[in-house]
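Engineer: Take this structure first; my questions come after.
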Amino acid sequence: MRELLSRTLVGLIASVTFLWAAPAAAQQYNGKELVKATLMADVSSIQPGQRFRLGVLYRIEPGWHIYWKYPGDSGIPTKIEWQLPQGFTIRDLQWPLPLREKEPGDLEVFAYTSEVLLFAEVEAPATLPPGPVTIQAKSDWLVCQSLCVPGRAQLSFTLNSGANSASDSAKIFENYASKVPKDLINPIGFSRIGKNLEIEIPWAPNDASLDFFPDPPADAVIGHVVRDGNKLTLAIDTETKPISRMDGVLVVVSSGGNRQGYEVNGRSTVTAFHTGASTSAISLGGILQALGFAMLGGLILNVMPCVLPVISLKIFGFVSEAGERPEKAFWLSMAFSLGIISCFAVLAAIVILLRAAGAQVGWGFQFQDYRFIAFISCLVFAFALNLFGVYELSVSAQATQGLAKLASGQGYGGAFFQGVFATILATPCTAPFLGTASAFAFAQPGWATFLIFLFIGLGMALPYLLLAVNPKWLRYLPKPGGWMLRLKQCMGFLLAGTLLWLVWILGQMRGVDAIVRLGALLLLIAILAWIKGSFWTPVSSWRSRVLAATSMLCVLLLAAGAYGFVTKPSRLVWQQFSQAKLDNALASGRPVFVDFTADWCITCKTNERFAIDTSKVRQEFSKRNVVMLKADWTKGDPEITEILKQHGRAGVPMYLVYPGGGKDTQPVLLPELITSQTVLDALNKT
Amino acid sequence: MIKTLLITCGLLAATAGLSLAEMEVGKPAPNFTLPDTNGKARSLADFKGKFVVLEWYQPDCPFVGKHYKSGNMQSLQKTYTAKGVVWLSIDSSAPGEEGNYPAEKLNQIASNDGAARTALLLDPDGKVGRIYGAKTTPDMYIIDPNGTLVYEGAIDNKRSTDLADVKTATNYVKTALDAVMTGKTVPTTATRPYGCSVKYASN
């Protein structure tokens, strides 16, 4: 009872003294109050269990600034210590987007000028004693111009208890709440390259400029963000724990100068695009691992159906050619292996040259580039189809004959060319793997590509080298048979898995639409591959081949047409539908056309393309100054559902035409399938 | 094959070489020569064979004030200069900026404060401050007798202007000096400095 009494008394005194808010204990500097701090809430009274917001408004003298949560090179963060009555819970402090301020000596700070509200969400306890509630907060700040003055205030504020009512400050809260960074929805990529942390924002709009305000761990020392298009780089000078990502705020500045912050924190989706040895810090271990895998990959090539049967034949050949001198068999197989390896060196050179040529015309082969991901996806898919046996690859007969001539020679030269020959003959089986490896190698530096290919070659040559040393080991070689075909098909699933990973990356970068587009492209590839495999094989008649070529062409044309239809931008300017907009437009006496549509509704899209977005309708619409409203039901907006129901429809498409003539005009309801004429007729029904 | 390996090694060496050029703990501290408040030229090279502390300083900054009003900085200066450490405070404030004073005025402030530093150096064009990347006042650097940087960053871990925080803070300069002077490794070699920005001349 006593406590209640004293609390009420304190509350009363507080409310009388401070009325609705208490001004800060003034901190004077040359007769000026540099920062005026005021404690406030977005409600004037609270009920038990109610959520509301509590904040400190700082009014800052012109030319001076106070600091954000990460102050930058100098300064200290503004601090608020809440002193709440028992039972109240308060969440994290919300920081509106600050400004990046430059100071001489290449120093930069993150600061607020003129005015800012730092606020937090509060929840009142489930039971609240009657009478006013006094809330207190202590705030410390550093206010700087070119010189700095620390400031401090003990603030107090009283809330009535009772029915909820908005306070005069609610608008201030709304204003600053809109400046608090939003949650990051689209993922961003972090990669650590030596001392630098690189941030990739693949989804950034083309005309926007990007920035990142870091909030590094307390024990880290960092440099300044360097901006280069969609890539931001931050130097990490000191870290206690290795830093592979960083909290902070991503700032997207539109071409119009609007700044939007996105909170990057532990909950944000961050995809790190590591591309192996190339872009992550190059370590010796990483290189050795990659080379080990490359060699293993080369070794596996030997069990492919076109390779395995050859091995024992070759070895027998060398042994018989060597005759009485077993060491000659070894040197012959060395020459043979060299032939294999040089093929791979040539392949590596081609990849490196192609990449250099691509770079010349501005193609970046990087895993951060969605086009590169799409390109690799298509290759991997095509190769997987090959492994499943949808179509076969073959080496042209003329090339085979030319090579056979070269390889027919005896001695070391002959053995060398036999190695080249064997590698090329094996391509129908090895191409899916080598092609995939080449595609991935595009994203690697030249020397890494070269080494990796050499080691694939070495892996493929390994059995020859070993067996030439001791031909008796031939009995350990698995016998060729039907299992090789099954193995090849299994490898197809491996590639399909790789594809899944690539699609995931693409989706992270560009969203669902990109996945669907890639899917369509893969479908196209599947159809083309099937046509090739069925009607254009080495044994097909020319007639069958002509048929195959023609149908491939038709499929391509159809696909191009479909693509054009789907992606053609509308030439009509739609406004997003709302009841208020409709009412306004009607009140102004203008005719109105409302399109109830959804992204997944094919009838809607067809109508829009062929009946609405036509030159006749466009002309008529602009002549009559028709207001065009689009009601998007893609996500089942309940307001739109209600309007559909009012007109006796359960879904989209639905078209309402208000011919104009005032607020009470009744709309004409068009049928679900429309033509341009239907639309024009409806407009003429006045 | 050997060639590619050589190229690889060359690339790795080049990356290592690049980082050599930057100020970093464990690397040689760049030499400089600046006049002190008594008109005497002081070179870092003069103090080879001794531990050297560099303290970025300007008297009007409240963060500097925290460590001088509490007597913390003077006590550090006394303790370590008595052990043979050279303590150089450096004022990089540009003419017309806060903390840029004539030498006599700075000497007067020093005697009022009871400062026990070896010398207070004047760097009004901010050249040395920029070479060292000094960002704030105070910003501390410790150099060992071989001329190697062993610590850079904040004076302690309480980032405030509150005098009372000095007592409870972990003083990084003290821990680093105590460790390195007894032949131990410095536990924390680099931290984020805090304070007012160094008042460099705008260029």
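In the structure tokens, chains take letters A, B, ... by order of appearance, with residues numbered from 1 within each chain and ligands from 1 in the order shown.
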Once you count only C-alpha atoms, what closest atom pair and distance in Å to one decimal does each residue of chain A within 7 Å of chain B have, with rows by chain and rising residue number, as JSON lines?
Structural biologist:
```
{"residue": "A:Asp73", "atom": "CA", "partner": "B:Lys135", "partner_atom": "CA", "distance": 6.1}
{"residue": "A:Ser74", "atom": "CA", "partner": "B:Ser197", "partner_atom": "CA", "distance": 5.0}
{"residue": "A:Gly75", "atom": "CA", "partner": "B:Gly195", "partner_atom": "CA", "distance": 5.5}
{"residue": "A:Ile76", "atom": "CA", "partner": "B:Arg159", "partner_atom": "CA", "distance": 6.9}
{"residue": "A:Pro104", "atom": "CA", "partner": "B:Ser202", "partner_atom": "CA", "distance": 4.7}
{"residue": "A:Gly105", "atom": "CA", "partner": "B:Tyr200", "partner_atom": "CA", "distance": 5.3}
{"residue": "A:Leu107", "atom": "CA", "partner": "B:Lys135", "partner_atom": "CA", "distance": 6.9}
{"residue": "A:Leu147", "atom": "CA", "partner": "B:Glu98", "partner_atom": "CA", "distance": 6.2}
{"residue": "A:Cys148", "atom": "CA", "partner": "B:Cys196", "partner_atom": "CA", "distance": 6.5}
{"residue": "A:Val149", "atom": "CA", "partner": "B:Pro62", "partner_atom": "CA", "distance": 6.7}
{"residue": "A:Pro150", "atom": "CA", "partner": "B:Thr161", "partner_atom": "CA", "distance": 7.0}
{"residue": "A:Asp219", "atom": "CA", "partner": "B:Thr191", "partner_atom": "CA", "distance": 6.1}
{"residue": "A:Ala220", "atom": "CA", "partner": "B:Arg192", "partner_atom": "CA", "distance": 6.6}
{"residue": "A:Val221", "atom": "CA", "partner": "B:Arg192", "partner_atom": "CA", "distance": 5.0}
{"residue": "A:Thr238", "atom": "CA", "partner": "B:Ala190", "partner_atom": "CA", "distance": 6.4}
{"residue": "A:Trp447", "atom": "CA", "partner": "B:Thr4", "partner_atom": "CA", "distance": 6.5}
```
Engineer: Mind writing the picked residues with N, CA and C atoms as a JSON list (two decimals), in the first residue's frame?
Structural biologist:
```json
[["chain", "number", "residue", "atom", "x", "y", "z"],
["A", 73, "ASP", "N", 35.77, 6.03, -37.70],
["A", 73, "ASP", "CA", 37.17, 6.15, -37.28],
["A", 73, "ASP", "C", 37.33, 6.84, -35.93],
["A", 74, "SER", "N", 36.40, 7.72, -35.58],
["A", 74, "SER", "CA", 36.50, 8.38, -34.28],
["A", 74, "SER", "C", 35.10, 8.51, -33.69],
["A", 75, "GLY", "N", 35.03, 9.11, -32.50],
["A", 75, "GLY", "CA", 33.72, 9.28, -31.86],
["A", 75, "GLY", "C", 33.30, 8.05, -31.08],
["A", 76, "ILE", "N", 32.19, 8.17, -30.34],
["A", 76, "ILE", "CA", 31.64, 7.01, -29.66],
["A", 76, "ILE", "C", 30.14, 6.94, -29.89],
["A", 104, "PRO", "N", 38.96, 15.58, -42.70],
["A", 104, "PRO", "CA", 40.31, 15.61, -43.26],
["A", 104, "PRO", "C", 41.15, 14.46, -42.75],
["A", 105, "GLY", "N", 42.12, 14.04, -43.56],
["A", 105, "GLY", "CA", 43.00, 12.95, -43.16],
["A", 105, "GLY", "C", 42.38, 11.61, -43.49],
["A", 107, "LEU", "N", 39.50, 10.42, -42.83],
["A", 107, "LEU", "CA", 38.76, 9.82, -41.73],
["A", 107, "LEU", "C", 37.28, 9.88, -42.09],
["A", 147, "LEU", "N", 35.51, 19.98, -33.21],
["A", 147, "LEU", "CA", 35.90, 19.56, -31.87],
["A", 147, "LEU", "C", 34.73, 18.80, -31.24],
["A", 148, "CYS", "N", 35.02, 18.11, -30.17],
["A", 148, "CYS", "CA", 34.02, 17.22, -29.59],
["A", 148, "CYS", "C", 33.68, 17.61, -28.16],
["A", 149, "VAL", "N", 32.41, 17.49, -27.82],
["A", 149, "VAL", "CA", 31.96, 17.77, -26.46],
["A", 149, "VAL", "C", 31.08, 16.61, -26.00],
["A", 150, "PRO", "N", 31.44, 15.98, -24.89],
["A", 150, "PRO", "CA", 30.57, 14.90, -24.41],
["A", 150, "PRO", "C", 29.31, 15.49, -23.77],
["A", 219, "ASP", "N", 36.35, -6.15, -31.37],
["A", 219, "ASP", "CA", 37.79, -6.38, -31.38],
["A", 219, "ASP", "C", 38.39, -6.31, -32.79],
["A", 220, "ALA", "N", 37.59, -5.91, -33.75],
["A", 220, "ALA", "CA", 38.11, -5.84, -35.12],
["A", 220, "ALA", "C", 38.44, -4.40, -35.49],
["A", 221, "VAL", "N", 39.48, -4.24, -36.28],
["A", 221, "VAL", "CA", 39.81, -2.93, -36.83],
["A", 221, "VAL", "C", 39.63, -3.04, -38.35],
["A", 238, "THR", "N", 42.48, -5.88, -38.50],
["A", 238, "THR", "CA", 42.72, -6.71, -37.32],
["A", 238, "THR", "C", 41.47, -7.50, -36.99],
["A", 447, "TRP", "N", 46.78, -20.01, -64.54],
["A", 447, "TRP", "CA", 47.76, -21.01, -64.12],
["A", 447, "TRP", "C", 47.09, -22.17, -63.40]]
```
Engineer: Near stretch 52-57 of chain B, counting only C-alpha atoms, which residues have an atom at most 7 Å away, once you skip same-chain residues fewer than 3 positions from it, shown as a list in words?
Structural biologist: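 So the residues in contact are Val64, Val85, Val86, Trp87, Leu88, Ser89, Ile90, Asp91, Thr137, Pro138, Asp139, Met140, Tyr141, Ile142, Ile143 and Asp144 of chain B.
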Engineer: Tell me, as a list of chain:residue names, which residues lie within 9 Å of A:Ile456, counting only C-alpha atoms; anything in the same chain fewer than 5 positions away does not count.
Structural biologist: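 The residues satisfying every condition are A:Leu291, A:Phe293, A:Ala294, A:Met295, A:Leu296, A:Gly297, A:Gly298, A:Leu299, A:Leu301, A:Ile341, A:Phe344, A:Leu434, A:Leu451, A:Ala461.
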Engineer: With only C-alpha atoms as the counted atoms, please give the residues lying no more than 7 Å from stretch 35-44 of chain B, apart from itself and same-chain residues fewer than 3 positions off, as a ChimeraX atom specification.
Structural biologist: /B:31-32,47,103,107,119-122
Engineer: Just asking: which residues within stretch 6-205 of chain A are alpha helix (DSSP H) according to DSSP, as number ranges by chain?
Structural biologist: A: 6-18, 170-177
Engineer: Any chance you can output those residues with C-alpha atoms as a short mmCIF file (atom, residue, chain, number, x, y, z; two decimals), in the first residue's frame?
Structural biologist:
```cif
data_model
loop_
_atom_site.label_atom_id
_atom_site.label_comp_id
_atom_site.auth_asym_id
_atom_site.auth_seq_id
_atom_site.Cartn_x
_atom_site.Cartn_y
_atom_site.Cartn_z
CA SER A 6 4.61 6.55 -3.05
CA ARG A 7 4.62 5.41 -6.64
CA THR A 8 1.44 7.32 -7.38
CA LEU A 9 2.88 10.32 -5.62
CA VAL A 10 6.09 10.17 -7.63
CA GLY A 11 4.06 9.77 -10.77
CA LEU A 12 1.89 12.75 -9.94
CA ILE A 13 4.85 14.93 -9.14
CA ALA A 14 6.58 13.77 -12.26
CA SER A 15 3.60 14.52 -14.47
CA VAL A 16 3.13 17.94 -12.94
CA THR A 17 6.79 18.79 -13.21
CA PHE A 18 7.39 17.47 -16.67
CA ALA A 170 3.39 9.37 -32.79
CA LYS A 171 4.20 11.16 -36.03
CA ILE A 172 7.84 11.60 -35.03
CA PHE A 173 8.01 7.86 -34.34
CA GLU A 174 6.45 7.06 -37.72
CA ASN A 175 8.91 9.34 -39.45
CA TYR A 176 11.98 7.80 -37.88
CA ALA A 177 10.63 4.24 -38.03
#
```
Engineer: Could you pull out the strand (DSSP E or B) residues of stretch 80-196 of chain B from DSSP and send them as a list in words?
Structural biologist: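 These are the residues in question: Val86, Trp87, Leu88, Ser89, Ile90, Asp91, Ala119, Leu120, Leu121, Leu122, Thr136, Thr137, Met140, Tyr141, Ile142, Ile143, Thr148, Leu149, Val150, Tyr151, Glu152, Gly153, Asp156, Asn171, Ala190 and Cys196 of chain B.
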Engineer: Emit the selected residues as a CSV table (one decimal), in the first residue's frame, including N, CA and C atoms.
Structural biologist:
```
chain,number,residue,atom,x,y,z
B,86,VAL,N,61.0,5.4,-24.1
B,86,VAL,CA,60.9,6.7,-24.7
B,86,VAL,C,59.5,7.0,-25.0
B,87,TRP,N,58.9,8.0,-24.4
B,87,TRP,CA,57.5,8.3,-24.6
B,87,TRP,C,57.3,9.6,-25.5
B,88,LEU,N,56.9,9.4,-26.7
B,88,LEU,CA,56.7,10.6,-27.6
B,88,LEU,C,55.2,10.9,-27.8
B,89,SER,N,54.8,12.1,-27.4
B,89,SER,CA,53.4,12.5,-27.7
B,89,SER,C,53.5,13.3,-29.0
B,90,ILE,N,52.5,13.1,-29.8
B,90,ILE,CA,52.6,13.8,-31.1
B,90,ILE,C,51.2,14.5,-31.3
B,91,ASP,N,51.3,15.8,-31.6
B,91,ASP,CA,50.2,16.6,-31.9
B,91,ASP,C,50.1,16.9,-33.4
B,119,ALA,N,59.1,13.7,-24.8
B,119,ALA,CA,59.0,14.9,-25.6
B,119,ALA,C,57.6,15.0,-26.3
B,120,LEU,N,57.2,16.2,-26.5
B,120,LEU,CA,55.9,16.4,-27.3
B,120,LEU,C,56.3,16.9,-28.7
B,121,LEU,N,56.0,16.2,-29.7
B,121,LEU,CA,56.4,16.5,-31.1
B,121,LEU,C,55.3,17.2,-31.8
B,122,LEU,N,55.7,18.2,-32.7
B,122,LEU,CA,54.7,19.0,-33.5
B,122,LEU,C,54.7,18.5,-34.9
B,136,THR,N,42.7,8.8,-34.1
B,136,THR,CA,42.0,9.5,-33.0
B,136,THR,C,43.0,10.0,-32.0
B,137,THR,N,42.6,10.9,-31.1
B,137,THR,CA,43.4,11.2,-30.0
B,137,THR,C,42.6,10.7,-28.8
B,140,MET,N,47.5,5.0,-29.8
B,140,MET,CA,48.8,4.6,-29.2
B,140,MET,C,49.5,3.6,-30.1
B,141,TYR,N,50.8,3.7,-30.2
B,141,TYR,CA,51.7,2.8,-30.9
B,141,TYR,C,52.9,2.4,-30.0
B,142,ILE,N,53.3,1.2,-30.0
B,142,ILE,CA,54.5,0.7,-29.2
B,142,ILE,C,55.5,0.1,-30.2
B,143,ILE,N,56.7,0.6,-30.1
B,143,ILE,CA,57.8,0.1,-31.0
B,143,ILE,C,58.8,-0.5,-30.2
B,148,THR,N,60.5,-2.5,-34.5
B,148,THR,CA,59.3,-3.2,-35.0
B,148,THR,C,58.1,-2.8,-34.2
B,149,LEU,N,57.0,-2.6,-34.9
B,149,LEU,CA,55.7,-2.2,-34.3
B,149,LEU,C,55.2,-3.4,-33.5
B,150,VAL,N,54.9,-3.2,-32.2
B,150,VAL,CA,54.3,-4.4,-31.5
B,150,VAL,C,52.9,-4.2,-31.0
B,151,TYR,N,52.4,-2.9,-31.0
B,151,TYR,CA,51.1,-2.6,-30.7
B,151,TYR,C,50.6,-1.4,-31.4
B,152,GLU,N,49.3,-1.4,-31.8
B,152,GLU,CA,48.7,-0.2,-32.3
B,152,GLU,C,47.2,-0.2,-31.9
B,153,GLY,N,46.7,1.0,-31.5
B,153,GLY,CA,45.3,1.1,-31.2
B,153,GLY,C,44.9,1.9,-30.0
B,156,ASP,N,42.8,1.9,-23.9
B,156,ASP,CA,42.2,0.9,-23.1
B,156,ASP,C,40.8,0.5,-23.7
B,171,ASN,N,44.0,-1.6,-19.5
B,171,ASN,CA,44.9,-0.7,-20.2
B,171,ASN,C,45.8,-1.5,-21.2
B,190,ALA,N,46.6,-5.4,-31.6
B,190,ALA,CA,45.9,-4.3,-32.3
B,190,ALA,C,44.5,-4.2,-31.9
B,196,CYS,N,38.5,11.5,-30.2
B,196,CYS,CA,38.2,12.5,-31.2
B,196,CYS,C,39.0,12.2,-32.4
```
Engineer: Could you jot down the atom CA of A:Val503 to atom CA of A:Pro445 separation for me, Å, one decimal place?
Structural biologist: 23.9 Å
Engineer: When you count only C-alpha atoms, which of these residues is closest to A:Glu620: A:Ser540, A:Ser254, A:Ser394, A:Gln677?
Structural biologist: A:Gln677
Engineer: Between atom CA of A:Glu608 and atom CA of A:Glu639, what is the distance in Å, rounded to a tenth?
Structural biologist: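 Separation of atom CA of A:Glu608 and atom CA of A:Glu639: 22.1 Å.
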Engineer: Residues at most 7 Å from A:Ser161, counting only C-alpha atoms, excluding those fewer than 6 positions away in the same chain, as a PyMOL selection string?
Structural biologist: chain A and resi 45-47+130-133
